[in-house]
>>> print(open('entry.txt').read())   # compact mmCIF, C-alpha atoms
# COMPACT_ATOMS: atom_id res chain seq x y z
CA MET Z 94 -36.66 0.14 2.85
CA ALA Z 95 -37.85 -3.24 4.04
CA VAL Z 96 -40.04 -3.46 7.11
CA LEU Z 97 -39.49 -6.50 9.34
CA ARG Z 98 -40.11 -7.57 12.91
CA ASN Z 99 -37.20 -8.44 15.18
CA GLN Z 100 -37.24 -11.33 17.70
CA ALA Z 101 -39.02 -9.19 20.27
CA GLY Z 102 -41.74 -8.36 17.75
CA ALA Z 103 -40.72 -4.73 17.27
CA ILE Z 104 -40.93 -3.36 13.74
CA ILE Z 105 -37.57 -2.47 12.26
CA GLN Z 106 -36.62 -0.94 8.93
CA ILE Z 107 -33.73 -2.22 6.87
CA ARG Z 108 -32.37 -0.45 3.82
CA THR Z 109 -32.30 -2.66 0.78
CA ARG Z 110 -28.91 -1.68 -0.60
CA MET Z 111 -29.01 -3.45 -3.95
CA LYS Z 112 -32.01 -1.50 -5.14
CA GLU Z 113 -30.37 1.81 -4.26
CA GLN Z 114 -26.85 0.87 -5.28
CA LYS Z 115 -25.31 1.75 -8.63
CA PRO Z 116 -22.01 0.45 -10.02
CA SER Z 117 -19.04 2.33 -8.59
CA TYR Z 118 -17.49 2.71 -12.04
CA LEU Z 119 -20.20 5.20 -13.01
CA ASP Z 120 -18.57 7.84 -10.80
CA PHE Z 121 -14.98 6.71 -11.39
CA ASN Z 122 -12.41 9.50 -11.30
CA SER Z 123 -9.09 8.27 -12.73
CA ASP Z 124 -7.25 11.41 -11.59
CA GLU Z 125 -7.96 10.58 -7.95
CA TYR Z 126 -7.29 6.85 -8.33
CA PRO Z 127 -3.89 6.11 -6.75
CA TRP Z 128 -2.92 3.38 -9.25
CA LYS Z 129 -1.70 4.54 -12.65
CA PRO Z 130 -1.15 2.45 -15.80
CA ASP Z 131 1.97 4.40 -16.83
CA ILE Z 132 4.01 3.45 -13.74
CA ASP Z 133 6.31 0.44 -13.60
CA TYR Z 134 5.66 -0.64 -10.02
CA ARG Z 135 8.70 -2.91 -9.96
CA LEU Z 136 10.92 0.10 -10.69
CA HIS Z 137 8.86 2.38 -8.43
CA PRO Z 138 7.40 0.23 -5.65
CA GLU Z 139 7.19 3.30 -3.40
CA ARG Z 140 4.25 4.50 -5.55
CA TYR Z 141 2.20 1.37 -4.81
CA ARG Z 142 -0.67 1.47 -2.31
CA VAL Z 143 -2.36 -1.60 -0.85
CA GLY Z 144 -5.85 -0.08 -0.96
CA LYS Z 145 -9.02 -2.07 -0.38
CA GLY Z 146 -9.68 -5.53 -1.72
CA GLU Z 147 -8.66 -5.83 -5.36
CA GLN Z 148 -8.00 -2.17 -6.15
CA GLY Z 149 -5.29 -1.64 -8.75
CA VAL Z 150 -5.16 -5.29 -9.78
CA LEU Z 151 -5.94 -4.60 -13.44
CA ILE Z 152 -3.59 -1.64 -13.69
CA CYS Z 153 -0.25 -2.23 -11.92
CA GLU Z 154 2.41 -3.34 -14.36
CA PRO Z 155 4.47 -5.45 -14.77
CA TYR Z 156 2.55 -7.58 -12.28
CA LYS Z 157 -0.74 -7.37 -14.16
CA SER Z 158 0.91 -9.01 -17.19
CA GLU Z 159 2.88 -11.54 -15.16
CA ILE Z 160 -0.04 -12.75 -13.04
CA GLY Z 161 -3.12 -11.94 -15.13
CA GLN Z 162 -2.18 -14.34 -17.92
CA HIS Z 163 -2.73 -17.24 -15.48
CA TRP Z 164 -6.03 -16.03 -14.00
CA ARG Z 165 -8.94 -18.34 -15.03
CA PHE Z 166 -12.03 -19.74 -13.30
CA ARG Z 167 -14.28 -21.20 -16.03
CA THR Z 168 -14.33 -24.65 -14.38
CA PRO Z 169 -13.19 -25.88 -10.96
CA GLU Z 170 -10.33 -27.76 -12.64
CA ILE Z 171 -9.16 -24.64 -14.46
CA ALA Z 172 -9.56 -22.64 -11.24
CA GLU Z 173 -7.38 -25.17 -9.40
CA GLU Z 174 -4.60 -24.94 -11.98
CA SER Z 175 -4.87 -21.14 -12.12
CA SER Z 176 -4.94 -20.58 -8.38
CA GLU Z 177 -2.00 -22.96 -7.84
CA LYS Z 178 0.08 -21.04 -10.38
CA ILE Z 179 -0.85 -17.67 -8.85
CA LEU Z 180 -0.14 -18.91 -5.32
CA GLY Z 181 3.25 -20.09 -6.60
CA LEU Z 182 3.91 -16.61 -8.00
CA PHE Z 183 2.85 -15.15 -4.62
CA GLU Z 184 5.42 -17.34 -2.88
CA ASP Z 185 8.10 -16.48 -5.48
CA TYR Z 186 7.52 -12.75 -4.92
CA LEU Z 187 7.81 -13.24 -1.16
CA GLU Z 188 11.05 -15.15 -1.65
CA LYS Z 189 12.37 -12.14 -3.59
CA ASN Z 190 11.12 -9.80 -0.85
CA ASP Z 191 8.83 -8.20 -3.48
CA PHE Z 192 5.83 -7.08 -1.47
CA VAL Z 193 4.10 -5.39 -4.42
CA GLY Z 194 4.22 -8.59 -6.47
CA ALA Z 195 2.99 -10.67 -3.53
CA ASP Z 196 0.14 -8.27 -2.84
CA MET Z 197 -0.87 -8.23 -6.49
CA ALA Z 198 -0.88 -12.06 -6.56
CA ARG Z 199 -3.02 -12.03 -3.41
CA LYS Z 200 -5.41 -9.63 -5.16
CA TYR Z 201 -5.72 -11.96 -8.16
CA LEU Z 202 -6.57 -14.84 -5.82
CA GLN Z 203 -9.19 -12.66 -4.13
CA MET Z 204 -10.54 -11.57 -7.51
CA GLY Z 205 -10.78 -15.20 -8.60
CA PHE Z 206 -13.09 -15.77 -5.67
CA THR Z 207 -15.20 -12.63 -6.11
CA ARG Z 208 -15.58 -12.92 -9.89
CA ALA Z 209 -16.44 -16.61 -9.78
CA ARG Z 210 -19.05 -15.81 -7.10
CA ARG Z 211 -20.49 -13.11 -9.32
CA TYR Z 212 -20.85 -15.60 -12.18
CA PHE Z 213 -22.49 -18.00 -9.72
CA ASN Z 214 -24.92 -15.32 -8.52
CA TYR Z 215 -25.69 -13.62 -11.86
CA LYS Z 216 -26.15 -15.06 -15.33
CA GLY Z 217 -23.16 -14.01 -17.42
CA GLY Z 218 -21.64 -12.30 -14.37
CA LYS Z 219 -23.66 -9.15 -15.03
CA LYS Z 220 -24.92 -7.50 -11.85
CA TYR Z 221 -26.62 -4.42 -13.33
CA ASP Z 222 -28.88 -3.75 -16.31
CA LYS Z 223 -27.15 -1.02 -18.31
CA GLU Z 224 -30.24 -0.56 -20.51
CA ASN Z 225 -32.52 0.01 -17.50
CA ASP Z 226 -30.75 2.77 -15.51
CA TYR Z 227 -28.37 0.22 -13.98
CA GLN Z 228 -31.08 -1.54 -12.02
CA PRO Z 229 -29.82 -4.69 -10.28
CA LEU Z 230 -30.40 -7.90 -12.19
CA GLU Z 231 -31.97 -10.98 -10.62
CA ARG Z 232 -29.71 -13.00 -8.32
CA ASN Z 233 -29.37 -16.78 -8.30
CA THR Z 234 -29.48 -16.99 -12.09
CA GLY Z 235 -25.83 -17.89 -12.65
CA ASP Z 236 -23.76 -21.01 -13.19
CA PRO Z 237 -23.65 -23.36 -10.15
CA GLU Z 238 -20.21 -24.65 -11.23
CA LYS Z 239 -18.76 -21.22 -10.52
CA ALA Z 240 -19.39 -21.70 -6.78
CA LYS Z 241 -16.87 -24.56 -6.91
CA SER Z 242 -14.37 -22.38 -8.77
CA ALA Z 243 -14.92 -19.67 -6.15
CA ALA Z 244 -14.23 -22.13 -3.33
CA VAL Z 245 -10.94 -23.13 -4.96
CA PHE Z 246 -9.78 -19.51 -5.20
CA TYR Z 247 -11.07 -18.73 -1.70
CA ALA Z 248 -8.89 -21.45 -0.16
CA LYS Z 249 -5.77 -20.14 -1.93
CA TRP Z 250 -6.61 -16.52 -1.10
CA GLN Z 251 -6.94 -17.41 2.58
CA LYS Z 252 -3.64 -19.30 2.44
CA ALA Z 253 -1.96 -16.19 1.05
CA GLU Z 254 -3.63 -13.90 3.60
CA GLY Z 255 -2.51 -16.25 6.39
CA ASN Z 256 1.13 -16.25 5.35
CA ARG Z 257 3.07 -14.72 8.27
CA GLN Z 258 5.78 -13.15 6.13
CA TYR Z 259 3.17 -11.53 3.90
CA ALA Z 260 1.11 -10.31 6.86
CA LYS Z 261 4.19 -8.69 8.41
CA MET Z 262 5.22 -7.06 5.13
CA LYS Z 263 1.68 -5.81 4.51
CA LYS Z 264 1.41 -4.28 7.97
CA GLU Z 265 4.74 -2.49 7.58
CA TRP Z 266 3.92 -1.35 4.04
CA LYS Z 267 0.56 0.10 5.02
CA LYS Z 268 2.13 1.89 7.99
CA GLU Z 269 4.94 3.39 5.89
CA LYS Z 270 3.33 3.91 2.48
CA GLY Z 271 -0.40 3.31 2.70
>>> encode(input="entry.txt", output="structure tokens")
Amino acid sequence: MAVLRNQAGAIIQIRTRMKEQKPSYLDFNSDEYPWKPDIDYRLHPERYRVGKGEQGVLICEPYKSEIGQHWRFRTPEIAEESSEKILGLFEDYLEKNDFVGADMARKYLQMGFTRARRYFNYKGGKKYDKENDYQPLERNTGDPEKAKSAAVFYAKWQKAEGNRQYAKMKKEWKKEKG
């Protein structure tokens, strides 16, 4: 807990989440995870769930293989090329009325932003110290260039999220399938 004073001078307590937080993968239960690596989601799109954020992005085939091979953010120039290619795939999937493919491409754009930000915030992209009971590592130790890569992916992610056809398909999908 952190103790601070608000604008009126009253003392308030704020939980410091990072110190209490542990990586979610420590309690990961693959049986309860809705995305499965043995499903071809193009053949069985009805099994796909949108989920939160980037969930399922590194599991759902054949999209993982189709999109993931283009996902890079080492430099802003590489991020630009990568995000353009993935946004093109997003648009191709929409053209084919393939919501699962479009949503997976959107997730890769989002993940480009979040991972590049992590590498900006933390040296080597590592957030927790595995050798020290997963204590959070020091922030602001990462590569400043990754903030530029993150901005590139963020712009493309927002473009995908703002696509009206995608937004309509996503709303219908979540209502019907989750």
>>> residues_around(input="entry.txt", residues="region 158-167 of chain Z", least_positions_apart="2", cutoff="9 Å", atoms="all atoms listed in the file", output="number ranges by chain")
Z: 150-151, 153-156, 169-176, 178-179, 182, 194, 197-198, 201-202, 205-206, 208-209, 238-239, 242-243, 246
>>> residues_around(input="entry.txt", residues="region 129-139 of chain Z", least_positions_apart="2", cutoff="10 Å", atoms="all atoms listed in the file", output="list of chain:residue names")
Z:Ser123, Z:Asp124, Z:Glu125, Z:Tyr126, Z:Pro127, Z:Tyr141, Z:Arg142, Z:Gly149, Z:Leu151, Z:Ile152, Z:Cys153, Z:Glu154, Z:Pro155, Z:Tyr156, Z:Lys157, Z:Asp191, Z:Phe192, Z:Val193, Z:Gly194, Z:Trp266, Z:Glu269, Z:Lys270, Z:Gly271
>>> atom_distance(input="entry.txt", atom1="CA of Ala244 (chain Z)", atom2="CA of Phe183 (chain Z)")
18.5 Å
>>> atom_distance(input="entry.txt", atom1="CA of Lys267 (chain Z)", atom2="CA of Gln114 (chain Z)")
29.3 Å
>>> atom_distance(input="entry.txt", atom1="CA of Tyr215 (chain Z)", atom2="CA of Leu230 (chain Z)")
7.4 Å
>>> closest_residue(input="entry.txt", among="Z:Tyr212, Z:Tyr221, Z:Phe121, Z:Trp250", to="Gly235 (chain Z)", atoms="only C-alpha atoms")
Z:Tyr212
>>> closest_residue(input="entry.txt", among="Z:Met262, Z:Gln251, Z:Gln148, Z:Gly217", to="Tyr186 (chain Z)", atoms="only C-alpha atoms")
Z:Met262
>>> closest_residue(input="entry.txt", among="Z:Lys223, Z:Leu187, Z:Met204, Z:Phe213", to="Leu119 (chain Z)", atoms="only C-alpha atoms")
Z:Lys223
>>> closest_residue(input="entry.txt", among="Z:Val143, Z:Thr168, Z:Trp128, Z:Tyr227", to="Val245 (chain Z)", atoms="only C-alpha atoms")
Z:Thr168
>>> closest_residue(input="entry.txt", among="Z:Lys200, Z:Arg140, Z:Lys145, Z:Lys115", to="Tyr247 (chain Z)", atoms="all atoms listed in the file")
Z:Lys200
>>> build_atoms(input="entry.txt", residues="region 214-236 of chain Z", atoms="N, CA, C and O atoms", output="PDB file, in the coordinates of the input")
ATOM      1  N   ASN Z 214     -23.718 -16.071  -8.933  1.00  0.00           N
ATOM      2  CA  ASN Z 214     -24.920 -15.320  -8.520  1.00  0.00           C
ATOM      3  C   ASN Z 214     -25.712 -14.739  -9.687  1.00  0.00           C
ATOM      4  O   ASN Z 214     -26.925 -14.620  -9.606  1.00  0.00           O
ATOM      5  N   TYR Z 215     -25.031 -14.328 -10.759  1.00  0.00           N
ATOM      6  CA  TYR Z 215     -25.690 -13.620 -11.860  1.00  0.00           C
ATOM      7  C   TYR Z 215     -25.349 -14.263 -13.195  1.00  0.00           C
ATOM      8  O   TYR Z 215     -24.169 -14.479 -13.503  1.00  0.00           O
ATOM      9  N   LYS Z 216     -26.348 -14.503 -14.004  1.00  0.00           N
ATOM     10  CA  LYS Z 216     -26.150 -15.060 -15.330  1.00  0.00           C
ATOM     11  C   LYS Z 216     -25.195 -14.163 -16.123  1.00  0.00           C
ATOM     12  O   LYS Z 216     -25.392 -12.949 -16.199  1.00  0.00           O
ATOM     13  N   GLY Z 217     -24.146 -14.763 -16.653  1.00  0.00           N
ATOM     14  CA  GLY Z 217     -23.160 -14.010 -17.420  1.00  0.00           C
ATOM     15  C   GLY Z 217     -22.308 -13.087 -16.588  1.00  0.00           C
ATOM     16  O   GLY Z 217     -21.529 -12.301 -17.122  1.00  0.00           O
ATOM     17  N   GLY Z 218     -22.436 -13.143 -15.267  1.00  0.00           N
ATOM     18  CA  GLY Z 218     -21.640 -12.300 -14.370  1.00  0.00           C
ATOM     19  C   GLY Z 218     -22.066 -10.849 -14.350  1.00  0.00           C
ATOM     20  O   GLY Z 218     -21.397 -10.006 -13.762  1.00  0.00           O
ATOM     21  N   LYS Z 219     -23.192 -10.542 -14.964  1.00  0.00           N
ATOM     22  CA  LYS Z 219     -23.660  -9.150 -15.030  1.00  0.00           C
ATOM     23  C   LYS Z 219     -24.584  -8.877 -13.851  1.00  0.00           C
ATOM     24  O   LYS Z 219     -25.609  -9.522 -13.674  1.00  0.00           O
ATOM     25  N   LYS Z 220     -24.215  -7.855 -13.073  1.00  0.00           N
ATOM     26  CA  LYS Z 220     -24.920  -7.500 -11.850  1.00  0.00           C
ATOM     27  C   LYS Z 220     -25.972  -6.413 -12.082  1.00  0.00           C
ATOM     28  O   LYS Z 220     -26.949  -6.328 -11.347  1.00  0.00           O
ATOM     29  N   TYR Z 221     -25.744  -5.568 -13.078  1.00  0.00           N
ATOM     30  CA  TYR Z 221     -26.620  -4.420 -13.330  1.00  0.00           C
ATOM     31  C   TYR Z 221     -27.107  -4.413 -14.775  1.00  0.00           C
ATOM     32  O   TYR Z 221     -26.399  -4.849 -15.679  1.00  0.00           O
ATOM     33  N   ASP Z 222     -28.274  -3.864 -14.983  1.00  0.00           N
ATOM     34  CA  ASP Z 222     -28.880  -3.750 -16.310  1.00  0.00           C
ATOM     35  C   ASP Z 222     -28.575  -2.355 -16.867  1.00  0.00           C
ATOM     36  O   ASP Z 222     -29.226  -1.377 -16.508  1.00  0.00           O
ATOM     37  N   LYS Z 223     -27.584  -2.289 -17.730  1.00  0.00           N
ATOM     38  CA  LYS Z 223     -27.150  -1.020 -18.310  1.00  0.00           C
ATOM     39  C   LYS Z 223     -28.285  -0.332 -19.070  1.00  0.00           C
ATOM     40  O   LYS Z 223     -28.399   0.890 -19.062  1.00  0.00           O
ATOM     41  N   GLU Z 224     -29.148  -1.105 -19.708  1.00  0.00           N
ATOM     42  CA  GLU Z 224     -30.240  -0.560 -20.510  1.00  0.00           C
ATOM     43  C   GLU Z 224     -31.420  -0.061 -19.667  1.00  0.00           C
ATOM     44  O   GLU Z 224     -32.333   0.563 -20.179  1.00  0.00           O
ATOM     45  N   ASN Z 225     -31.405  -0.354 -18.380  1.00  0.00           N
ATOM     46  CA  ASN Z 225     -32.520   0.010 -17.500  1.00  0.00           C
ATOM     47  C   ASN Z 225     -32.002   0.801 -16.295  1.00  0.00           C
ATOM     48  O   ASN Z 225     -32.238   0.423 -15.139  1.00  0.00           O
ATOM     49  N   ASP Z 226     -31.261   1.885 -16.559  1.00  0.00           N
ATOM     50  CA  ASP Z 226     -30.750   2.770 -15.510  1.00  0.00           C
ATOM     51  C   ASP Z 226     -29.954   2.021 -14.438  1.00  0.00           C
ATOM     52  O   ASP Z 226     -30.012   2.333 -13.267  1.00  0.00           O
ATOM     53  N   TYR Z 227     -29.231   1.003 -14.865  1.00  0.00           N
ATOM     54  CA  TYR Z 227     -28.370   0.220 -13.980  1.00  0.00           C
ATOM     55  C   TYR Z 227     -29.126  -0.402 -12.805  1.00  0.00           C
ATOM     56  O   TYR Z 227     -28.586  -0.516 -11.705  1.00  0.00           O
ATOM     57  N   GLN Z 228     -30.332  -0.822 -13.050  1.00  0.00           N
ATOM     58  CA  GLN Z 228     -31.080  -1.540 -12.020  1.00  0.00           C
ATOM     59  C   GLN Z 228     -30.423  -2.896 -11.788  1.00  0.00           C
ATOM     60  O   GLN Z 228     -29.919  -3.513 -12.725  1.00  0.00           O
ATOM     61  N   PRO Z 229     -30.418  -3.380 -10.554  1.00  0.00           N
ATOM     62  CA  PRO Z 229     -29.820  -4.690 -10.280  1.00  0.00           C
ATOM     63  C   PRO Z 229     -30.572  -5.800 -11.019  1.00  0.00           C
ATOM     64  O   PRO Z 229     -31.798  -5.765 -11.117  1.00  0.00           O
ATOM     65  N   LEU Z 230     -29.809  -6.745 -11.526  1.00  0.00           N
ATOM     66  CA  LEU Z 230     -30.400  -7.900 -12.190  1.00  0.00           C
ATOM     67  C   LEU Z 230     -30.735  -8.971 -11.142  1.00  0.00           C
ATOM     68  O   LEU Z 230     -30.256  -8.921 -10.006  1.00  0.00           O
ATOM     69  N   GLU Z 231     -31.519  -9.935 -11.540  1.00  0.00           N
ATOM     70  CA  GLU Z 231     -31.970 -10.980 -10.620  1.00  0.00           C
ATOM     71  C   GLU Z 231     -30.810 -11.863 -10.186  1.00  0.00           C
ATOM     72  O   GLU Z 231     -30.013 -12.319 -11.004  1.00  0.00           O
ATOM     73  N   ARG Z 232     -30.736 -12.113  -8.884  1.00  0.00           N
ATOM     74  CA  ARG Z 232     -29.710 -13.000  -8.320  1.00  0.00           C
ATOM     75  C   ARG Z 232     -30.117 -14.456  -8.512  1.00  0.00           C
ATOM     76  O   ARG Z 232     -31.245 -14.761  -8.858  1.00  0.00           O
ATOM     77  N   ASN Z 233     -29.160 -15.327  -8.247  1.00  0.00           N
ATOM     78  CA  ASN Z 233     -29.370 -16.780  -8.300  1.00  0.00           C
ATOM     79  C   ASN Z 233     -29.757 -17.254  -9.703  1.00  0.00           C
ATOM     80  O   ASN Z 233     -30.551 -18.177  -9.854  1.00  0.00           O
ATOM     81  N   THR Z 234     -29.205 -16.613 -10.707  1.00  0.00           N
ATOM     82  CA  THR Z 234     -29.480 -16.990 -12.090  1.00  0.00           C
ATOM     83  C   THR Z 234     -28.212 -17.492 -12.780  1.00  0.00           C
ATOM     84  O   THR Z 234     -28.238 -17.792 -13.972  1.00  0.00           O
ATOM     85  N   GLY Z 235     -27.117 -17.568 -12.040  1.00  0.00           N
ATOM     86  CA  GLY Z 235     -25.830 -17.890 -12.650  1.00  0.00           C
ATOM     87  C   GLY Z 235     -25.525 -19.370 -12.720  1.00  0.00           C
ATOM     88  O   GLY Z 235     -26.391 -20.225 -12.546  1.00  0.00           O
ATOM     89  N   ASP Z 236     -24.266 -19.656 -12.962  1.00  0.00           N
ATOM     90  CA  ASP Z 236     -23.760 -21.010 -13.190  1.00  0.00           C
ATOM     91  C   ASP Z 236     -23.331 -21.634 -11.857  1.00  0.00           C
ATOM     92  O   ASP Z 236     -22.386 -21.169 -11.227  1.00  0.00           O
TER      93      ASP Z 236
END
